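Enquirer: My questions all concern the structure below.
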Amino acid sequence: MELAAAVYRLTLAFPREETFGLVSQMRRSAVSIPSNIAEGHGRMNSRELRRFLLIARGSNCELQTQLQLSISLQYGDSKAIEAALRLSNELENMLFALLGRLRTTCV
């Protein structure tokens with residue numbers, strides 16, 4: 001949730017012409033991450049949780065690419081983008097660890 005909020009805040013400073021392009025894509029990717037984690041948890045089934053965590057992981061990878069592109073295009077505040085990338089990397093590690101634990105229970 002913290003990462004999604006950070007992405008919403010940082011994209012406020014992006015060029016107006018990116019509203020329906022990169023900004024929209026970044027926000028969808030960022031919101032998809034906690035949404036898929038929540039949906040997987042709500043299924044109350046470890047196989048389903050694992051499936052939705054993998055989707056969240058994919059959305060996080062998309063977001064990392066979009067954040068890197070934002071840096072390359074010099075959109076927004078570079079410090080805010082770097083902070084979002086750090087949060088994204090932390091999330092990546094957490095998802096990796098959780099997926100590893102679930103792998104042993106889902107086999």
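Please note that chains go A, B, ... in the order of the structure tokens, that every chain numbers its residues from 1, and that ligands are numbered from 1 in the order shown.
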Which of range 14-91 of chain A counts as alpha helix (DSSP H) under DSSP, as number ranges by chain please?
Expert: A: 22-42, 46-72, 78-91
Enquirer: Need the shell around range 84-90 of chain A: protein/DNA/RNA residues with any atom at most 10 Å away, counting only C-alpha atoms. Skip same-chain ones fewer than 5 positions apart. Format as a PyMOL selection string?
Expert: chain A and resi 2-7+10+30+57+60-61+63-65+67-68+78-79+95-96
Enquirer: Got a sec: who's within 7 Å of Ala56 in chain A, counting only C-alpha atoms, leaving out chain neighbours fewer than 6 positions off, as an MDAnalysis selection string?
Expert: chainID A and resid 32:33 36:37
Enquirer: Find the residues around range 99-101 of chain A up to 10 Å (only C-alpha atoms counted), leave out those fewer than 4 positions away in its own chain, and share them as a ChimeraX atom specification.
Expert: /A:49-51,53-54,57,93-95,105-106
